[in-house]
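Trainee: Mind having a look at this structure? Questions to follow.
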Amino acid sequence: MKELHLIVNGREHRLLVDAGATLAKVLREKLGLTGTKIGCEQGSCGACTVLADERPALSCLTPAPACDGQSITTIEGVAQGRVLHPLQEEMVRHGAIQCGFCTPGMVMSAIAFLKENAHPTKNEIREAISGNLCRCTGYKKIIAAIEATAIRLQGKTTVMPDKSGNSMVGTAQPLIDARKKVTGSAKFADDLQEKDSLQCRFLRSPHAHARIKSIDKSTAEKIAGVRYVLTGEELPEKFGVLPISQDQTALAIDKVIYIGEIVAAVAADSMEIAENAVRAIEVEYELLKPFYTIADSLEKVGKTDDAIHPHCREGANIHKRASLRFGDQQAGLQKAACKIERSFEFSGVTHAFTEPHACTAVCDAEGKLTLTTATQVPHYLHRAVAKVLQLPLEDVRIIKPCLGGGFGGKGDPFAHEIIAAHLARKLARPIRIVLSREEVFLTNHGRHPTEMKLAIGTDSEGKLSVLDADIYIDGGAIGSFGVVTTYYNGVLLQAPYKIDNIGFDSCRVYTNKPPCGAMRGHGAVNPRFAVETVLDELAEELAMDPCDLRLKNFLPANCLTVGQYRITSNGSREALTAVRQSSGWDHKFKKLPFGEGVGVACGFFISGSALPIIWNKYPQSVVHMKIDFDGRVVIYSGASDIGQGSDTMLAMIVAEVLGIPLKSIHVHAADTLFTPVDLGSYSSRVTFMAGNAAKMAAENLRADILAGVAAETGEAVERLDLQHGKISSKDGKIALDWLETIAHATANRGALNATGYYISPKLGGDFKGAGAGLSPSYSFGAVITQVRVDSMTGQVEVSDIWGAHDLGKAINPLAAEGQLEGSWHMGLGQALSESMRFDNGHITNANFINYRIPTSLDTPEIHTKIIESIDPEGPFGAKECGEGALHPVIPAVANAIYDAVGVRIRKLPISPEEILTGTAQNGGVK
Amino acid sequence: MISTVNYFNVKTCEEAIQLAHDHADDFCWIAGGTDVMLNRQQENNTAACLIDIGDIGELRGIAVHDNKMRIGSLTTLHDVGKNELILQGFPTLAQAAKSVASPLVRYSATIGGNLLVENRCISYNQSEFWKEAVNHCMKIGGEKCLVTGSLKHCFSQFVSDTAPVLLCLNAEVQILDKNGSRILPLQEMYSGVGLSPRRLDKQALLTDIFIPMSKPHKIYFRKLTRRKAVDFTSLTCAISADEAKNITLALSGVHPGPVMLQDMLDCDAETLVKRALKASKTVDNDMYSRTYRRKMIGVFIREGLQMLKKLP
């Protein structure tokens, strides 16, 4: 131990700390200053940045004893009371904050930078924050906020678009929790620090496929401070997010099926004790033949070998096959005037949200369980916990606190959550779990590694006539969302282009690797890449401009696809036309010097799955509202704000309907004790479904308020008007402000409640597989990128992204732009630098140093265009914007590379080596 | 998880050397900490005692005396990157310093630490969980190199970005141990051996870096990484040419130590590339393949020579 004297945010502390403690741990655990975040433990993400004697320091790499006598400023010390620092204000105003997990570090970095450089250029700002990884925003709005702050600190003023006006929907609003996030007071799952809690650490399998012969936990159990050592047999009940894929236990039982699977869990008085105890557990394994690749798993399992699961199909490790055919593709391809068939290969990628998984489970004296956890799906987790722990549903409460990014990666019930819940009940002590960054990679559930063959044919005019795809996806060791992924890979080929002869076979295999699942753009990203790059080739073959080829083939609005998707609003054409113009495509395509190029691609995505995962007649989203004497409207919604701003969206919709300001609205969300069910933040469903439910609830409340006022005043309802928080009668005799309105409305009956819900209309055909990809609405988009390729090194630099996305109606344009920019940024990562790399089942880059998500310096200029097609069924016309924008950016980069150096890309991530091979085959540098 | 038993903050070199002597069996120096703490997080560094030299003021600072620039080893890369004397005299050194990791790392990381940065390898820079599962490579007590299967050699790569430039600038380093101070050419500090890449006594301190002001007048620098920040180098190349057209080539990222070659500016580029490739024991232990990195050695050298020839 070491005595430490620290002045933190002006307050003196004398502490006794472990000589090996990091500053980050001391700030968080000893001083409770949880605004400082730990994202990577290796100084590679910047979330832990604080100022030590006014210089930025990565507190996760700073030994606490090194700070003896220093003055430390954390995010909590930046604002003066409730007055924000100008940078904090600009971050809020510019929508630079989404999940908020990187925000504290970003603020600290930028404040230090602006002190050194009061007149920064945009590139200097990019450089300054290049050690602060943000996974949500694409950095654009952060850079803008820092620029605006610099201008403000120079004494000038900056102008932001006027937010006032009569309507709320369609105005740019900072997220309602942005101030909490920018001051470090927002509580994320690992910030709760329940008193008297135990820490839990896991023993994970070092083998990809092995039988567990014995587990000796006796030594571990004897270590002082160890409260319990849990092994698999205690939780035999299987779970999984899909009812048809209940193939996972909380801890391994009898055998392990991937490196990183949890074999034992230790609850102890401290993290260190738990860790030591984990290392004292002895497990004897008998190795089984591992299956690492799609090819391995398609082979029949040998007589003496074990399949990964007993339910694997066809004598191999096949999990699921899906197929749909409309028309005869073989005949179609034969008839096609122009056709191209290509093979593609895609690495697995992962969400890489900056907040590691974390949860706290508490069991009260009555045996009721509360699990506060970083989840996108409180409802499914609620069911899974009750199922595995064999508890009545009413004994389980799931709370989602602030969540530091999900992108699908927090969209399953997870083993560690169930273990925490179980241990909390068993030990009657709060249990805290936070995964290390490596454990997050081992937990994965990212995008499936994929191999596919795709053939597309056209007639002589360039009309797409036929498409055939053969797709294999590597699911890793468990099912997760995989059955859906298997379908999505094929069915989501039937738009945005009209093709009537279309078919696919897709197959998901199990492998002995960390599980894959749903990731932003679920199931459709890789096949979209294949389609859009083949279209580029077809355009060349047909001597057509790739934009023209696409324009010629778009589905119209209000039509049915061949697989009976009901397309309503459709802004494909507007989106492509917009980026074609803004990028200067017509002056650039095939006209830039060798090494530079532009590429185009389009995409579409579902706006919420029309079918619920669990078949029942419960609506997909329910919203409750309450208004009482104080005039405050409380929205209760199960929807999970994961940084995308869904709480703000709900508040804005309600504010619009009731004509009251946002500050009169409180959103209580994602707490299964109080909030009615919303199925979760996945499949881009929240704005459409929870938004519609909120709109209905608000309209019901409005009607009830008017009825109450009518009854109280004797005026007919139809003669009353509720606007801007005031009620007036047409003759002007009645004029009530908001509190008076509520006093009238609550007279003789008290607080008002209202309910709204959303149920998707019945859609689709009645053939097998018809339900996959059905959505009440679809989003459409287009991207053009410009690249520079270094013909000597093969390195690609994207200089610009022009993106346009038809999201129906931007309820909150600020948040919507943020979603689009974040999607394009994330797609760029998959295109150029991200890949889950494996060696014999071991991930070799399970950290933020070698899993390379783009930094601010790697993110180009992003030119964002929102297309509003006003969807007939979306709330105020809105549909999704969180995922669909991602799809086109990756093929747009690949197509731009072809325009630049004449090399076709059929493998992701794009490798400089292959570009060099390609240019060499083309006869070298032109 | 390592438990540090002792952490000492020292204010003078004498105090540091004495403490090192007292804890000789199990200690490690720490200054900026960005490399040491990363390796402790990965349990490559498990020393029970840390001696923090970060507060030794005399080891900071940049000045010119007797036609030599002296850079205190504890000068941060941030300060090196923006120092006027360096920007004027050796802008490439500032460029190299600014190419390291990220601005946040460079606020703490020191130039001495960058010269002494631990070698890296895909089978070494992993968690203890990972390394235990594959039976630890020889650099962390195992029998063999897991990348090549070699029982003899460790191929962990030297990843300093400032070293190639300093080598090109004929820099010297001052080393202090209990026998006193000595100055040696920077290249002599490196062994080229993966298991023990530095020819330094464990209790010695790197105190100063000296660069002769009779500088070579032209210098080329390029670094290969996928991202423009955060990544460790996959190849860093510096080439300097003096007025007599003697050139020095220095590489990092492709060998257990720096690769350093001398030649003439009008040399045959292909011969120099061959010599560099022969001197580089590059293996597949990086995010980029061995083949690609070796190809890039050629690309950088050719480009560097061309650039140097063009410069006035």
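Letters for chains follow the order of the structure tokens (A, B, ...), residue numbers begin at 1 for each chain, and ligand numbers begin at 1 in the order shown.
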Considering only C-alpha atoms, return as number ranges by chain whatever protein or nucleic-acid residues lie within 9 Å of Lys726 (chain A), sequence-local ones (same chain, fewer than 6 positions apart) excluded.
Mentor: A: 659-660, 735-741
Trainee: Emit the selected residues as a PDB file, in the first residue's frame, including C-alpha atoms.
Mentor:
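Okay, result-v3.pdb is ready:
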ATOM      1  CA  GLY A 659     -47.698  21.513 -27.488  1.00  0.00           C
ATOM      2  CA  ILE A 660     -45.536  21.716 -24.390  1.00  0.00           C
ATOM      3  CA  ALA A 735     -57.896  30.963 -22.043  1.00  0.00           C
ATOM      4  CA  LEU A 736     -56.029  28.635 -19.719  1.00  0.00           C
ATOM      5  CA  ASP A 737     -52.321  28.282 -19.245  1.00  0.00           C
ATOM      6  CA  TRP A 738     -50.829  24.845 -18.768  1.00  0.00           C
ATOM      7  CA  LEU A 739     -51.218  24.541 -14.997  1.00  0.00           C
ATOM      8  CA  GLU A 740     -54.766  25.859 -15.191  1.00  0.00           C
ATOM      9  CA  THR A 741     -55.450  23.409 -17.970  1.00  0.00           C
TER      10      THR A 741
END
Trainee: Identify all residues of region 371-426 of chain A in strand (DSSP E or B) (DSSP on the backbone) and supply them as a list in words.
Mentor: Leu371, Thr372, Thr373, Val396, Arg397, Ile398, Ile399 and Cys402 of chain A
Trainee: Using only C-alpha atoms, I'd like a table of the residues in chain B that come within 7 Å of chain A; for each, show the closest atom pair and its distance in Å rounded to one decimal, ordered by chain and ascending number, as a Markdown table.
Mentor:
| residue | atom | partner | partner_atom | distance |
| --- | --- | --- | --- | --- |
| B:Met1 | CA | A:Glu272 | CA | 7.0 |
| B:Ser3 | CA | A:Gly20 | CA | 5.8 |
| B:Thr4 | CA | A:Gly20 | CA | 4.5 |
| B:Val5 | CA | A:Ala19 | CA | 6.2 |
| B:Asn6 | CA | A:Ala19 | CA | 6.0 |
| B:Tyr7 | CA | A:Ala19 | CA | 5.7 |
| B:Asn9 | CA | A:Ala66 | CA | 6.9 |
| B:Gly33 | CA | A:Thr62 | CA | 6.5 |
| B:Thr34 | CA | A:Leu61 | CA | 5.9 |
| B:Met37 | CA | A:Leu61 | CA | 5.5 |
| B:Leu38 | CA | A:Gln42 | CA | 5.7 |
| B:Asp52 | CA | A:Ala66 | CA | 7.0 |
| B:Ser102 | CA | A:Gly131 | CA | 4.7 |
| B:Pro103 | CA | A:Gly131 | CA | 6.0 |
| B:Leu104 | CA | A:Gly131 | CA | 5.8 |
| B:Tyr107 | CA | A:Pro56 | CA | 6.5 |
| B:Ser108 | CA | A:Ala57 | CA | 6.7 |
| B:Ile122 | CA | A:Thr844 | CA | 6.9 |
| B:Ala133 | CA | A:Pro206 | CA | 5.0 |
| B:Arg226 | CA | A:Ser833 | CA | 6.8 |
| B:Arg227 | CA | A:Asp858 | CA | 6.2 |
| B:Lys228 | CA | A:Leu857 | CA | 5.9 |
| B:Ala229 | CA | A:Ser130 | CA | 6.0 |
| B:Val230 | CA | A:Ser44 | CA | 6.3 |
| B:Asp231 | CA | A:Ile849 | CA | 6.0 |
| B:Tyr292 | CA | A:Glu913 | CA | 6.3 |
| B:Met296 | CA | A:Thr793 | CA | 6.6 |
| B:Val299 | CA | A:Met792 | CA | 6.6 |
Trainee: When you draw a straight line from CA of Glu90 (chain A) to CA of Ala145 (chain A), how long is it in Å?
Mentor: 5.0 Å
Trainee: What's around Met264 (chain B) at 6 Å? Count only C-alpha atoms, leave out sequence neighbours fewer than 2 positions away in its own chain, and write the answer as a list in words.
Mentor: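 Residues near the query, excluding close chain neighbours: Lys245, Asn246, Ile247, Asp266 and Cys267 of chain B.
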Trainee: Go ahead and save the residues from that selection, with all heavy atoms, as an mmCIF file, in the first residue's frame.
Mentor:
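Wrote it out as part_3.cif, contents follow:
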data_model
loop_
_atom_site.group_PDB
_atom_site.id
_atom_site.type_symbol
_atom_site.label_atom_id
_atom_site.label_comp_id
_atom_site.auth_asym_id
_atom_site.auth_seq_id
_atom_site.Cartn_x
_atom_site.Cartn_y
_atom_site.Cartn_z
ATOM 1 N N LYS B 245 27.224 13.146 -49.382
ATOM 2 C CA LYS B 245 26.343 12.147 -49.984
ATOM 3 C C LYS B 245 26.482 10.756 -49.365
ATOM 4 O O LYS B 245 26.187 9.740 -49.990
ATOM 5 C CB LYS B 245 26.526 12.076 -51.509
ATOM 6 C CG LYS B 245 26.319 13.433 -52.143
ATOM 7 C CD LYS B 245 25.902 13.330 -53.571
ATOM 8 C CE LYS B 245 25.392 14.705 -54.015
ATOM 9 N NZ LYS B 245 25.062 14.807 -55.395
ATOM 10 N N ASN B 246 26.968 10.709 -48.132
ATOM 11 C CA ASN B 246 26.902 9.454 -47.385
ATOM 12 C C ASN B 246 25.479 9.329 -46.859
ATOM 13 O O ASN B 246 24.908 10.312 -46.384
ATOM 14 C CB ASN B 246 27.848 9.483 -46.190
ATOM 15 C CG ASN B 246 29.271 9.612 -46.623
ATOM 16 O OD1 ASN B 246 29.779 8.788 -47.380
ATOM 17 N ND2 ASN B 246 29.919 10.700 -46.176
ATOM 18 N N ILE B 247 24.927 8.155 -46.949
ATOM 19 C CA ILE B 247 23.584 8.001 -46.399
ATOM 20 C C ILE B 247 23.565 6.987 -45.264
ATOM 21 O O ILE B 247 24.386 6.060 -45.223
ATOM 22 C CB ILE B 247 22.549 7.587 -47.471
ATOM 23 C CG1 ILE B 247 22.926 6.251 -48.111
ATOM 24 C CG2 ILE B 247 22.340 8.671 -48.501
ATOM 25 C CD1 ILE B 247 21.800 5.639 -48.895
ATOM 26 N N ASP B 266 24.250 7.890 -54.259
ATOM 27 C CA ASP B 266 24.116 7.405 -55.642
ATOM 28 C C ASP B 266 24.244 5.888 -55.732
ATOM 29 O O ASP B 266 24.515 5.345 -56.795
ATOM 30 C CB ASP B 266 25.131 8.108 -56.543
ATOM 31 C CG ASP B 266 26.552 7.901 -56.032
ATOM 32 O OD1 ASP B 266 26.706 7.180 -55.014
ATOM 33 O OD2 ASP B 266 27.487 8.447 -56.636
ATOM 34 N N CYS B 267 24.040 5.205 -54.616
ATOM 35 C CA CYS B 267 24.126 3.743 -54.636
ATOM 36 C C CYS B 267 23.010 3.156 -55.497
ATOM 37 O O CYS B 267 22.031 3.830 -55.806
ATOM 38 C CB CYS B 267 24.031 3.183 -53.219
ATOM 39 S SG CYS B 267 22.386 3.368 -52.518
#
Trainee: Using only C-alpha atoms, can you tell me which of B:Asn44, B:Arg294, B:Ala16, B:Glu128 comes closest to Ser280 (chain B)?
Mentor: B:Arg294
Trainee: Work out how far CA of Cys154 (chain B) is from CA of Leu195 (chain B), in Å to one decimal.
Mentor: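 Atom-to-atom, CA of Leu195 (chain B) and CA of Cys154 (chain B) are spaced 5.9 Å apart.
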Trainee: Smallest atom-to-atom distance to Phe232 (chain B): which of B:Pro164, B:Gly253, B:Gly72, B:Gly32, using only C-alpha atoms?
Mentor: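 Using only C-alpha atoms, the shortest distance to Phe232 (chain B) belongs to B:Gly253.
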Trainee: To one decimal in Å, tell me the separation between CA of Glu861 (chain A) and CA of Val798 (chain A).
Mentor: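 It comes out at 8.7 Å.
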Trainee: Show which residues sit within 12 Å of Thr864 (chain A), as an MDAnalysis selection string. Count only C-alpha atoms, and ignore same-chain residues fewer than 4 positions away.
Mentor: chainID A and resid 138 140:141 575 578:579 582:583 781:784 800:806 813:814 816:825 885
Trainee: Can I get the selection written as a tab-separated table (two decimals), in the first residue's frame, with N, CA and C atoms?
Mentor:
chain	number	residue	atom	x	y	z
A	138	GLY	N	-18.93	9.39	-35.61
A	138	GLY	CA	-18.15	9.70	-36.80
A	138	GLY	C	-17.36	10.99	-36.64
A	140	LYS	N	-17.75	13.99	-36.59
A	140	LYS	CA	-18.03	15.23	-37.29
A	140	LYS	C	-18.55	16.31	-36.34
A	141	LYS	N	-19.51	15.93	-35.54
A	141	LYS	CA	-20.13	16.92	-34.66
A	141	LYS	C	-19.21	17.28	-33.49
A	575	ALA	N	-32.26	10.13	-52.95
A	575	ALA	CA	-30.99	9.99	-52.24
A	575	ALA	C	-29.83	9.91	-53.24
A	578	ALA	N	-29.26	13.15	-55.01
A	578	ALA	CA	-28.63	14.15	-54.14
A	578	ALA	C	-27.13	13.95	-54.04
A	579	VAL	N	-26.69	12.72	-53.81
A	579	VAL	CA	-25.23	12.53	-53.65
A	579	VAL	C	-24.52	12.65	-54.99
A	582	SER	N	-24.14	16.47	-55.20
A	582	SER	CA	-23.26	17.13	-54.23
A	582	SER	C	-21.82	16.66	-54.37
A	583	SER	N	-21.61	15.44	-54.84
A	583	SER	CA	-20.24	14.94	-54.95
A	583	SER	C	-19.58	15.40	-56.24
A	781	GLY	N	-31.10	4.50	-49.10
A	781	GLY	CA	-30.02	5.48	-49.07
A	781	GLY	C	-28.98	5.25	-50.15
A	782	ALA	N	-28.12	6.23	-50.29
A	782	ALA	CA	-27.05	6.16	-51.28
A	782	ALA	C	-25.81	6.85	-50.74
A	783	VAL	N	-24.67	6.34	-51.16
A	783	VAL	CA	-23.40	6.92	-50.73
A	783	VAL	C	-22.46	7.02	-51.93
A	784	ILE	N	-21.77	8.11	-52.02
A	784	ILE	CA	-20.64	8.23	-52.94
A	784	ILE	C	-19.41	8.55	-52.11
A	800	ASP	N	-13.62	11.82	-48.86
A	800	ASP	CA	-14.97	12.35	-48.68
A	800	ASP	C	-16.01	11.24	-48.71
A	801	ILE	N	-17.01	11.42	-47.91
A	801	ILE	CA	-18.21	10.58	-48.00
A	801	ILE	C	-19.40	11.52	-48.23
A	802	TRP	N	-20.09	11.32	-49.32
A	802	TRP	CA	-21.37	12.02	-49.51
A	802	TRP	C	-22.45	10.98	-49.29
A	803	GLY	N	-23.26	11.18	-48.29
A	803	GLY	CA	-24.29	10.19	-47.99
A	803	GLY	C	-25.65	10.84	-47.92
A	804	ALA	N	-26.64	10.13	-48.42
A	804	ALA	CA	-28.02	10.60	-48.30
A	804	ALA	C	-28.88	9.42	-47.87
A	805	HIS	N	-29.78	9.69	-46.97
A	805	HIS	CA	-30.57	8.59	-46.42
A	805	HIS	C	-32.02	9.03	-46.27
A	806	ASP	N	-32.89	8.22	-46.81
A	806	ASP	CA	-34.32	8.48	-46.69
A	806	ASP	C	-34.82	7.88	-45.39
A	813	PRO	N	-33.45	16.21	-36.33
A	813	PRO	CA	-32.41	16.16	-37.36
A	813	PRO	C	-31.00	16.05	-36.79
A	814	LEU	N	-30.77	16.63	-35.64
A	814	LEU	CA	-29.45	16.57	-35.03
A	814	LEU	C	-29.06	15.13	-34.70
A	816	ALA	N	-30.57	12.47	-35.92
A	816	ALA	CA	-30.62	11.66	-37.14
A	816	ALA	C	-29.31	11.77	-37.91
A	817	GLU	N	-28.80	12.99	-38.04
A	817	GLU	CA	-27.50	13.16	-38.71
A	817	GLU	C	-26.44	12.36	-37.97
A	818	GLY	N	-26.50	12.41	-36.66
A	818	GLY	CA	-25.52	11.67	-35.86
A	818	GLY	C	-25.57	10.18	-36.15
A	819	GLN	N	-26.77	9.64	-36.31
A	819	GLN	CA	-26.90	8.22	-36.64
A	819	GLN	C	-26.30	7.92	-38.00
A	820	LEU	N	-26.57	8.78	-38.96
A	820	LEU	CA	-26.06	8.54	-40.31
A	820	LEU	C	-24.54	8.64	-40.34
A	821	GLU	N	-24.02	9.69	-39.72
A	821	GLU	CA	-22.57	9.88	-39.73
A	821	GLU	C	-21.88	8.74	-39.01
A	822	GLY	N	-22.48	8.29	-37.90
A	822	GLY	CA	-21.92	7.16	-37.18
A	822	GLY	C	-21.95	5.88	-38.00
A	823	SER	N	-23.01	5.70	-38.76
A	823	SER	CA	-23.12	4.50	-39.60
A	823	SER	C	-22.04	4.50	-40.67
A	824	TRP	N	-21.88	5.64	-41.32
A	824	TRP	CA	-20.87	5.69	-42.39
A	824	TRP	C	-19.47	5.47	-41.83
A	825	HIS	N	-19.24	6.05	-40.67
A	825	HIS	CA	-17.94	5.88	-40.01
A	825	HIS	C	-17.70	4.41	-39.68
A	885	ALA	N	-28.01	3.23	-43.23
A	885	ALA	CA	-27.02	4.08	-43.90
A	885	ALA	C	-25.69	3.38	-44.04
Trainee: Could you give me, as number ranges by chain, the residues within 8 Å of Lys410 (chain A), counting only C-alpha atoms and dropping anything in the same chain fewer than 2 positions from it?
Mentor: A: 357, 374-377, 406-408, 412-413
Trainee: Output C-alpha atoms for every residue in the selection just made, as a CSV table (one decimal), in the first residue's frame.
Mentor:
chain,number,residue,atom,x,y,z
A,357,HIS,CA,-20.4,-4.9,-20.8
A,374,ALA,CA,-25.8,-2.5,-20.2
A,375,THR,CA,-28.5,-4.1,-22.4
A,376,GLN,CA,-30.4,-3.2,-25.6
A,377,VAL,CA,-33.1,-5.7,-24.8
A,406,GLY,CA,-24.6,-1.2,-28.5
A,407,PHE,CA,-24.9,-1.6,-32.3
A,408,GLY,CA,-26.4,-5.0,-31.7
A,412,ASP,CA,-28.8,-10.7,-26.5
A,413,PRO,CA,-29.2,-11.9,-22.9
